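So the structure is just underneath, and the comments pick up after that.
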Amino acid sequence: MIFAVIDTNVIVAAMMTRHDDSATLKVLQSIEDGLVTPLCSPEIVAEYREVLSREKFQFNPAEIHEVIEGIVGNSLFLDKKASGFTFIDERDKVFYEVALAGPEGNTRLVTGNLRHYPATSIVVTPAQFCEILGLSPKENADEP
């Protein structure tokens with residue numbers, strides 16, 4: 001089993017894409033299929049709810065609920081492990097520190113914003129994560 005913290009931007013991209021074979025959709029599908037156990041914390045879930053509910057996205061509230069529950073219902077909740085890193089956006093820190101608390105060598109932080117995180121092997125893009133899982137995403141299919 002592989003564990004992953006899913007950055008909010010991955011969920012937003014998955015909900016916005018028009019491509020059924022996008023890497024972001026495959027990441028969410030891998031959770032539903034039981035290939036991946038998401039790692040969460042109450043702070044992460046709160047950010048999911050806040051960001052996905054923003055008016056600018058105009059996501060359907062029922063779809064927001066379904067997506068979040070699909071992740072949370074399969075999640076392992078962990079306490080953060082201090083990283084000692086300074087982040088461009090301190091709200092990103094919780095995602096990285098929950099990933100650090102996951103099983104060593106078997107945990108990834110999946111994000112579309114690599115530059116927001118330390119350059120470590122646990123931080124990967126959705127396409128890289130699909131490669132780890134043995135899935136093949138369509139190139140550039142995360143564009144809405």
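Note on naming: chains are A, B, ... as they come in the structure tokens, residues start from 1 per chain, ligands start from 1 in the order shown.
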
Would you pick out the contacts of Pro38 in chain A at 6 Å or less, using only C-alpha atoms, so that residues sharing its chain but fewer than 5 positions from it are not included, and give the list as a PyMOL selection string? chain A and resi 3-5+75

Do you know which residues are at most 9 Å from Leu35 in chain A counting only C-alpha atoms, after dropping those on the same chain fewer than 5 positions away, and could you put them as a PyMOL selection string? chain A and resi 1-3+29-30+133

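Compared by their closest atoms to Val124 in chain A, and using only C-alpha atoms, the residues A:Ala23, A:Leu52, A:Leu76, A:Met16 rank with A:Ala23 nearest.
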
Could you go through chain A and tell me which residues DSSP, when run on the backbone, assigns to strand (DSSP E), listing them as a list in words?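 After running DSSP on the backbone, chain A has strand (DSSP E) at Ile2, Phe3, Ala4, Val5, Ile6, Val36, Thr37, Pro38, Leu39, Cys40, Leu76, Phe77, Thr107, Arg108, Leu109, Val110, Val123 and Val124 of chain A.
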
Shortest interatomic distance to Ser83 in chain A - which of A:Asn106, A:Asn113, A:Ser22, A:Thr120, counting only C-alpha atoms: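 Distance minimum relative to Ser83 in chain A lands on A:Thr120.
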